[in-house]
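Reproduced below: coords-v6.tsv, with TSV, C-alpha atoms.
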```
chain	number	residue	atom	x	y	z
A	134	MET	CA	0.95	-11.66	-14.03
A	135	SER	CA	-1.51	-9.30	-15.61
A	136	LEU	CA	-4.92	-7.95	-14.86
A	137	THR	CA	-7.91	-8.75	-17.01
A	138	ASP	CA	-10.44	-6.10	-17.92
A	139	LYS	CA	-12.75	-7.64	-15.33
A	140	ASP	CA	-10.00	-7.43	-12.66
A	141	LYS	CA	-9.44	-3.77	-13.51
A	142	ALA	CA	-13.16	-3.01	-13.27
A	143	ILE	CA	-13.39	-4.72	-9.88
A	144	ILE	CA	-10.34	-2.83	-8.58
A	145	LYS	CA	-11.61	0.53	-9.84
A	146	GLY	CA	-15.05	-0.06	-8.35
A	147	PHE	CA	-13.78	-1.26	-4.99
A	148	PHE	CA	-11.17	1.48	-4.63
A	149	ALA	CA	-13.72	4.15	-5.55
A	150	LYS	CA	-15.99	2.78	-2.82
A	151	ILE	CA	-13.31	2.81	-0.11
A	152	SER	CA	-11.50	6.04	-1.05
A	153	SER	CA	-13.52	8.16	1.39
A	154	LYS	CA	-11.98	6.13	4.24
A	155	ALA	CA	-8.37	6.51	3.03
A	156	VAL	CA	-7.16	8.26	6.19
A	157	GLU	CA	-8.43	5.52	8.48
A	158	ILE	CA	-7.32	2.72	6.15
A	159	GLY	CA	-3.82	4.18	5.94
A	160	HIS	CA	-3.59	4.77	9.67
A	161	GLN	CA	-4.69	1.23	10.52
A	162	THR	CA	-2.46	-0.30	7.85
A	163	LEU	CA	0.75	1.45	8.88
A	164	ALA	CA	0.06	1.09	12.62
A	165	ARG	CA	-0.55	-2.63	12.15
A	166	THR	CA	2.61	-2.96	10.05
A	167	ILE	CA	4.79	-1.34	12.71
A	168	VAL	CA	3.28	-3.35	15.57
A	169	VAL	CA	3.20	-6.75	13.86
A	170	TYR	CA	6.52	-6.30	12.02
A	171	PRO	CA	8.66	-4.24	14.43
A	172	GLN	CA	11.65	-4.42	12.09
A	173	THR	CA	9.86	-1.82	9.94
A	174	LYS	CA	10.39	0.76	12.68
A	175	VAL	CA	13.91	1.33	11.39
A	176	TYR	CA	12.53	3.43	8.53
A	177	PHE	CA	10.77	5.74	10.94
A	178	ALA	CA	13.47	6.11	13.60
A	179	HIS	CA	13.43	9.88	13.09
A	180	TRP	CA	9.90	10.04	14.53
A	181	LYS	CA	9.70	10.49	18.29
A	182	ASP	CA	6.41	8.61	18.60
A	183	LEU	CA	5.93	5.29	16.84
A	184	GLY	CA	2.84	4.34	18.79
A	185	PRO	CA	-0.27	3.25	16.91
A	186	ASP	CA	-1.98	6.60	17.53
A	187	SER	CA	0.99	8.72	16.43
A	188	PRO	CA	0.08	11.63	14.14
A	189	ASN	CA	3.07	10.68	11.97
A	190	ILE	CA	1.72	7.13	11.56
A	191	ARG	CA	-1.66	8.52	10.59
A	192	LYS	CA	-0.22	11.02	8.12
A	193	HIS	CA	2.23	8.65	6.44
A	194	GLY	CA	-0.29	5.82	6.36
A	195	TYR	CA	-2.66	8.12	4.49
A	196	THR	CA	0.11	9.07	2.07
A	197	VAL	CA	0.79	5.41	1.30
A	198	VAL	CA	-2.84	4.43	0.85
A	199	LYS	CA	-3.60	7.54	-1.18
A	200	GLY	CA	-0.73	6.53	-3.45
A	201	VAL	CA	-2.22	3.06	-3.85
A	202	LEU	CA	-5.66	4.51	-4.57
A	203	ASP	CA	-4.27	7.12	-6.98
A	204	SER	CA	-2.29	4.46	-8.83
A	205	VAL	CA	-5.57	3.16	-10.23
A	206	ASP	CA	-5.25	5.96	-12.79
A	207	LEU	CA	-1.96	4.31	-13.85
A	208	ILE	CA	-3.36	0.79	-13.94
A	209	ASP	CA	-2.31	0.20	-17.54
A	210	ASP	CA	1.32	1.31	-16.95
A	211	LEU	CA	2.22	0.93	-13.30
A	212	VAL	CA	5.95	0.56	-14.01
A	213	GLY	CA	6.12	3.83	-15.94
A	214	GLY	CA	3.68	5.62	-13.66
A	215	LEU	CA	5.46	4.66	-10.44
A	216	LEU	CA	9.02	5.06	-11.73
A	217	GLU	CA	9.76	8.15	-9.62
A	218	LEU	CA	8.47	6.40	-6.49
A	219	SER	CA	10.60	3.38	-7.33
A	220	GLU	CA	13.69	5.58	-7.60
A	221	LEU	CA	12.83	7.34	-4.32
A	222	HIS	CA	12.41	4.08	-2.42
A	223	ALA	CA	15.44	2.39	-3.98
A	224	PHE	CA	18.03	5.15	-3.97
A	225	ARG	CA	17.07	7.77	-1.42
A	226	LEU	CA	15.01	5.96	1.20
A	227	ARG	CA	16.69	2.57	0.67
A	228	ILE	CA	13.61	0.62	1.66
A	229	ASP	CA	13.99	-3.15	1.66
A	230	PRO	CA	11.50	-4.22	-1.03
A	231	ALA	CA	10.26	-7.05	1.20
A	232	ASN	CA	8.51	-4.34	3.20
A	233	PHE	CA	6.21	-3.55	0.27
A	234	LYS	CA	4.77	-7.06	0.58
A	235	ILE	CA	4.46	-6.71	4.35
A	236	LEU	CA	2.55	-3.47	3.92
A	237	ASN	CA	0.30	-5.07	1.31
A	238	LEU	CA	-0.56	-7.93	3.64
A	239	ASN	CA	-1.56	-5.50	6.34
A	240	LEU	CA	-3.54	-3.41	3.89
A	241	GLU	CA	-5.51	-6.48	2.86
A	242	VAL	CA	-6.22	-7.32	6.52
A	243	VAL	CA	-7.49	-3.80	7.15
A	244	LEU	CA	-9.64	-3.83	4.02
A	245	GLY	CA	-11.15	-7.13	5.08
A	246	MET	CA	-11.90	-5.82	8.55
A	247	MET	CA	-13.27	-2.44	7.47
A	248	PHE	CA	-15.25	-3.64	4.45
A	249	PRO	CA	-16.32	-7.22	5.23
A	250	ASP	CA	-19.31	-7.18	2.89
A	251	ASP	CA	-17.43	-5.59	-0.03
A	252	PHE	CA	-14.12	-7.44	0.33
A	253	THR	CA	-15.44	-10.63	-1.19
A	254	PRO	CA	-13.11	-13.46	-2.23
A	255	GLN	CA	-13.28	-12.20	-5.83
A	256	VAL	CA	-12.38	-8.65	-4.78
A	257	HIS	CA	-9.65	-10.00	-2.51
A	258	VAL	CA	-8.02	-11.89	-5.38
A	259	CYS	CA	-8.11	-8.84	-7.65
A	260	VAL	CA	-6.74	-6.52	-4.97
A	261	ASP	CA	-4.01	-9.03	-4.12
A	262	LYS	CA	-2.95	-9.25	-7.77
A	263	TYR	CA	-3.03	-5.47	-8.11
A	264	LEU	CA	-0.95	-4.87	-4.99
A	265	ALA	CA	1.57	-7.45	-6.22
A	266	LEU	CA	1.86	-5.49	-9.48
A	267	ILE	CA	2.40	-2.28	-7.51
A	268	CYS	CA	5.20	-4.08	-5.61
A	269	LEU	CA	6.80	-5.13	-8.89
A	270	ALA	CA	6.57	-1.58	-10.22
A	271	LEU	CA	8.11	-0.13	-7.04
A	272	CYS	CA	10.92	-2.67	-7.24
A	273	GLU	CA	11.76	-1.73	-10.83
A	274	LYS	CA	14.78	0.43	-9.89
A	275	TYR	CA	16.13	-2.19	-7.49
A	276	ARG	CA	17.24	-4.31	-10.45
```
Show the structure stored in the file as structure tokens.
Amino acid sequence: MSLTDKDKAIIKGFFAKISSKAVEIGHQTLARTIVVYPQTKVYFAHWKDLGPDSPNIRKHGYTVVKGVLDSVDLIDDLVGGLLELSELHAFRLRIDPANFKILNLNLEVVLGMMFPDDFTPQVHVCVDKYLALICLALCEKYR
């Protein structure tokens, strides 16, 4: 799967529009992931509070979403640009790669809820394709 120039333009435009809300998007995405998919809690067992309003959830959610937003600068070489993150997740954190897809699903739900007028079907398709490519890039070192 690849992104067309039109897909890239849509992604860049949409992500630029939503970037000012990255903290809230990240918080809602990670909180939703942990509540709806409780098996993901295992990766955060070292946190005392895993409630939806936890400061750790807010902070890490922002980190994840900021990474997604920042990866737009790497859109033409996601595999190369995200190689260090792939190594971190595969070898040090040992994250099950299925969780990347779970997080993406929750991110798309949050984007749809927070930006109903901007998250059109066309934008949704482009974002979905882009997030799938990020998943593939993060899974590179799992092979």
Item checked: Given only C-alpha atoms as the counted atoms, nearest of A:Val169, A:Val201, A:Ile143, A:Leu236 to A:Leu218 ->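 For A:Leu218, the nearest of the candidates is A:Val201.
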Please return as a tab-separated table (two decimals) with C-alpha atoms, keeping the file's coordinate frame every residue within 8 Å of (1.7, 5.3, -7.0), taking into account only C-alpha atoms and the file's own coordinates.
```tsv
chain	number	residue	atom	x	y	z
A	200	GLY	CA	-0.73	6.53	-3.45
A	201	VAL	CA	-2.22	3.06	-3.85
A	202	LEU	CA	-5.66	4.51	-4.57
A	203	ASP	CA	-4.27	7.12	-6.98
A	204	SER	CA	-2.29	4.46	-8.83
A	207	LEU	CA	-1.96	4.31	-13.85
A	211	LEU	CA	2.22	0.93	-13.30
A	214	GLY	CA	3.68	5.62	-13.66
A	215	LEU	CA	5.46	4.66	-10.44
A	218	LEU	CA	8.47	6.40	-6.49
A	267	ILE	CA	2.40	-2.28	-7.51
```
Item checked: Between atom CA of A:Asn189 and atom CA of A:Lys262 - distance in Å to one decimal ->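 It comes out at 28.7 Å.
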Note to self: Under the rule that all atoms listed in the file are counted, which of A:Leu183, A:Cys272, A:Val198, A:Val242 is the nearest residue to A:Leu221?
What the structure shows: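 Of A:Leu183, A:Cys272, A:Val198, A:Val242, the one nearest A:Leu221, counting all atoms listed in the file, is A:Cys272.
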Per-residue nearest contacts of stretch 217-257 of chain A to stretch 170-175 of chain A (10 Å; only C-alpha atoms) as a tab-separated table:
```
residue	atom	partner	partner_atom	distance
A:Ile228	CA	A:Thr173	CA	9.4
A:Asp229	CA	A:Thr173	CA	9.3
A:Asn232	CA	A:Thr173	CA	7.3
A:Ile235	CA	A:Tyr170	CA	8.0
A:Leu236	CA	A:Tyr170	CA	9.5
A:Asn239	CA	A:Tyr170	CA	9.9
```
Set the distance at 12 Å and use all atoms listed in the file: which residues neighbour A:Gln255 once local chain neighbours fewer than 5 positions away are removed? I'd like the list as a PDB file with C-alpha atoms, in the frame of the given file.
```
ATOM      1  CA  LYS A 139     -12.750  -7.640 -15.330  1.00  0.00           C
ATOM      2  CA  ASP A 140     -10.000  -7.430 -12.660  1.00  0.00           C
ATOM      3  CA  ALA A 142     -13.160  -3.010 -13.270  1.00  0.00           C
ATOM      4  CA  ILE A 143     -13.390  -4.720  -9.880  1.00  0.00           C
ATOM      5  CA  ILE A 144     -10.340  -2.830  -8.580  1.00  0.00           C
ATOM      6  CA  PHE A 147     -13.780  -1.260  -4.990  1.00  0.00           C
ATOM      7  CA  ASP A 250     -19.310  -7.180   2.890  1.00  0.00           C
ATOM      8  CA  VAL A 260      -6.740  -6.520  -4.970  1.00  0.00           C
ATOM      9  CA  ASP A 261      -4.010  -9.030  -4.120  1.00  0.00           C
ATOM     10  CA  LYS A 262      -2.950  -9.250  -7.770  1.00  0.00           C
TER      11      LYS A 262
END
```
Margin query: Using only C-alpha atoms, can you tell me which of A:Thr253, A:Ser219, A:Ser135, A:Asn237 comes closest to A:Lys274?
Written below: A:Ser219
Check: Which residues, written as a list in words, have at least one atom at most 10 Å from A:Gly213, with all atoms listed in the file counted and residues fewer than 4 positions away on the same chain left out?
Finding: Leu207, Asp209, Glu217, Ser219, Ala270, Leu271 and Glu273 of chain A
Item checked: Nearest to A:Lys192, chosen from A:Met134, A:Leu216, A:Ile158, A:Ile167, with all atoms listed in the file counted in the distances ->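 Checking each candidate against A:Lys192, we get A:Ile158 as the closest.
Interatomic distance, atom CA of A:Leu266 against atom CA of A:Val243: 19.2 Å.
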Checklist line | Point-to-point distance from atom CA of A:Arg225 to atom CA of A:Val156, Å rounded to tenths | finding: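 If I compute the distance from atom CA of A:Arg225 to atom CA of A:Val156, I get 25.4 Å.
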Note to self: So that I can check the surroundings of stretch 163-165 of chain A, please list as a count of residues only every protein, DNA and RNA residue that reaches within 7 Å of it, counting only C-alpha atoms and ignoring chain neighbours fewer than 2 positions away.
What the structure shows: 10
Box along x, y and z, 6 Å on every side, all listed atoms of stretch 197-215 of chain A inside: centre and edge lengths in Å to one decimal, as lines of an AutoDock Vina configuration file.
```
center_x = 0.2
center_y = 3.9
center_z = -8.1
size_x = 23.8
size_y = 19.3
size_z = 30.8
```
Can I get stretch 218-229 of chain A with all heavy atoms filled in, as an mmCIF file, in the coordinates of the input?
```
data_model
loop_
_atom_site.group_PDB
_atom_site.id
_atom_site.type_symbol
_atom_site.label_atom_id
_atom_site.label_comp_id
_atom_site.auth_asym_id
_atom_site.auth_seq_id
_atom_site.Cartn_x
_atom_site.Cartn_y
_atom_site.Cartn_z
ATOM 1 N N LEU A 218 8.578 6.998 -7.822
ATOM 2 C CA LEU A 218 8.470 6.400 -6.490
ATOM 3 C C LEU A 218 9.444 5.240 -6.324
ATOM 4 O O LEU A 218 10.011 5.044 -5.252
ATOM 5 C CB LEU A 218 7.049 5.912 -6.231
ATOM 6 C CG LEU A 218 6.065 6.932 -5.693
ATOM 7 C CD1 LEU A 218 4.685 6.316 -5.538
ATOM 8 C CD2 LEU A 218 6.531 7.509 -4.378
ATOM 9 N N SER A 219 9.636 4.482 -7.376
ATOM 10 C CA SER A 219 10.600 3.380 -7.330
ATOM 11 C C SER A 219 12.004 3.919 -7.083
ATOM 12 O O SER A 219 12.737 3.396 -6.243
ATOM 13 C CB SER A 219 10.551 2.594 -8.648
ATOM 14 O OG SER A 219 11.502 1.556 -8.625
ATOM 15 N N GLU A 220 12.365 4.969 -7.798
ATOM 16 C CA GLU A 220 13.690 5.580 -7.600
ATOM 17 C C GLU A 220 13.838 6.126 -6.188
ATOM 18 O O GLU A 220 14.875 5.947 -5.555
ATOM 19 C CB GLU A 220 13.895 6.700 -8.627
ATOM 20 C CG GLU A 220 14.077 6.198 -10.033
ATOM 21 C CD GLU A 220 14.133 7.300 -11.080
ATOM 22 O OE1 GLU A 220 13.808 8.470 -10.761
ATOM 23 O OE2 GLU A 220 14.491 6.978 -12.229
ATOM 24 N N LEU A 221 12.803 6.795 -5.681
ATOM 25 C CA LEU A 221 12.830 7.340 -4.320
ATOM 26 C C LEU A 221 13.057 6.243 -3.295
ATOM 27 O O LEU A 221 13.941 6.354 -2.434
ATOM 28 C CB LEU A 221 11.513 8.065 -4.027
ATOM 29 C CG LEU A 221 11.308 8.535 -2.586
ATOM 30 C CD1 LEU A 221 12.252 9.678 -2.255
ATOM 31 C CD2 LEU A 221 9.864 8.937 -2.357
ATOM 32 N N HIS A 222 12.299 5.167 -3.399
ATOM 33 C CA HIS A 222 12.410 4.080 -2.420
ATOM 34 C C HIS A 222 13.721 3.309 -2.551
ATOM 35 O O HIS A 222 14.269 2.864 -1.556
ATOM 36 C CB HIS A 222 11.212 3.132 -2.541
ATOM 37 C CG HIS A 222 9.961 3.708 -1.976
ATOM 38 N ND1 HIS A 222 9.134 4.534 -2.701
ATOM 39 C CD2 HIS A 222 9.396 3.597 -0.748
ATOM 40 C CE1 HIS A 222 8.120 4.909 -1.948
ATOM 41 N NE2 HIS A 222 8.253 4.354 -0.758
ATOM 42 N N ALA A 223 14.214 3.166 -3.760
ATOM 43 C CA ALA A 223 15.440 2.390 -3.980
ATOM 44 C C ALA A 223 16.692 3.178 -3.632
ATOM 45 O O ALA A 223 17.584 2.658 -2.954
ATOM 46 C CB ALA A 223 15.510 1.916 -5.430
ATOM 47 N N PHE A 224 16.774 4.412 -4.078
ATOM 48 C CA PHE A 224 18.030 5.150 -3.970
ATOM 49 C C PHE A 224 18.106 6.123 -2.809
ATOM 50 O O PHE A 224 19.154 6.281 -2.205
ATOM 51 C CB PHE A 224 18.317 5.902 -5.280
ATOM 52 C CG PHE A 224 18.404 4.990 -6.468
ATOM 53 C CD1 PHE A 224 17.626 5.227 -7.591
ATOM 54 C CD2 PHE A 224 19.238 3.885 -6.475
ATOM 55 C CE1 PHE A 224 17.695 4.386 -8.693
ATOM 56 C CE2 PHE A 224 19.312 3.043 -7.561
ATOM 57 C CZ PHE A 224 18.541 3.288 -8.677
ATOM 58 N N ARG A 225 17.011 6.781 -2.485
ATOM 59 C CA ARG A 225 17.070 7.770 -1.420
ATOM 60 C C ARG A 225 16.643 7.182 -0.074
ATOM 61 O O ARG A 225 17.343 7.324 0.920
ATOM 62 C CB ARG A 225 16.203 8.975 -1.773
ATOM 63 C CG ARG A 225 16.466 10.124 -0.839
ATOM 64 C CD ARG A 225 15.956 11.452 -1.342
ATOM 65 N NE ARG A 225 15.358 12.134 -0.213
ATOM 66 C CZ ARG A 225 14.140 12.607 -0.166
ATOM 67 N NH1 ARG A 225 13.361 12.515 -1.195
ATOM 68 N NH2 ARG A 225 13.693 13.191 0.912
ATOM 69 N N LEU A 226 15.510 6.498 -0.053
ATOM 70 C CA LEU A 226 15.010 5.960 1.200
ATOM 71 C C LEU A 226 15.614 4.596 1.545
ATOM 72 O O LEU A 226 15.639 4.203 2.707
ATOM 73 C CB LEU A 226 13.475 5.836 1.151
ATOM 74 C CG LEU A 226 12.724 7.144 0.926
ATOM 75 C CD1 LEU A 226 11.236 6.877 0.769
ATOM 76 C CD2 LEU A 226 12.996 8.130 2.044
ATOM 77 N N ARG A 227 16.067 3.895 0.517
ATOM 78 C CA ARG A 227 16.690 2.570 0.670
ATOM 79 C C ARG A 227 15.809 1.605 1.467
ATOM 80 O O ARG A 227 16.245 0.978 2.432
ATOM 81 C CB ARG A 227 18.066 2.687 1.278
ATOM 82 C CG ARG A 227 18.995 3.504 0.408
ATOM 83 C CD ARG A 227 20.365 3.621 1.039
ATOM 84 N NE ARG A 227 21.159 4.571 0.305
ATOM 85 C CZ ARG A 227 22.135 4.227 -0.534
ATOM 86 N NH1 ARG A 227 22.434 2.976 -0.719
ATOM 87 N NH2 ARG A 227 22.810 5.149 -1.177
ATOM 88 N N ILE A 228 14.577 1.513 1.030
ATOM 89 C CA ILE A 228 13.610 0.620 1.660
ATOM 90 C C ILE A 228 13.834 -0.796 1.151
ATOM 91 O O ILE A 228 13.942 -1.017 -0.043
ATOM 92 C CB ILE A 228 12.164 1.066 1.335
ATOM 93 C CG1 ILE A 228 11.919 2.519 1.732
ATOM 94 C CG2 ILE A 228 11.143 0.119 1.958
ATOM 95 C CD1 ILE A 228 11.977 2.811 3.194
ATOM 96 N N ASP A 229 13.905 -1.743 2.050
ATOM 97 C CA ASP A 229 13.990 -3.150 1.660
ATOM 98 C C ASP A 229 12.683 -3.489 0.955
ATOM 99 O O ASP A 229 11.601 -3.333 1.532
ATOM 100 C CB ASP A 229 14.176 -4.017 2.896
ATOM 101 C CG ASP A 229 14.291 -5.490 2.594
ATOM 102 O OD1 ASP A 229 13.910 -5.927 1.488
ATOM 103 O OD2 ASP A 229 14.759 -6.229 3.478
#
```
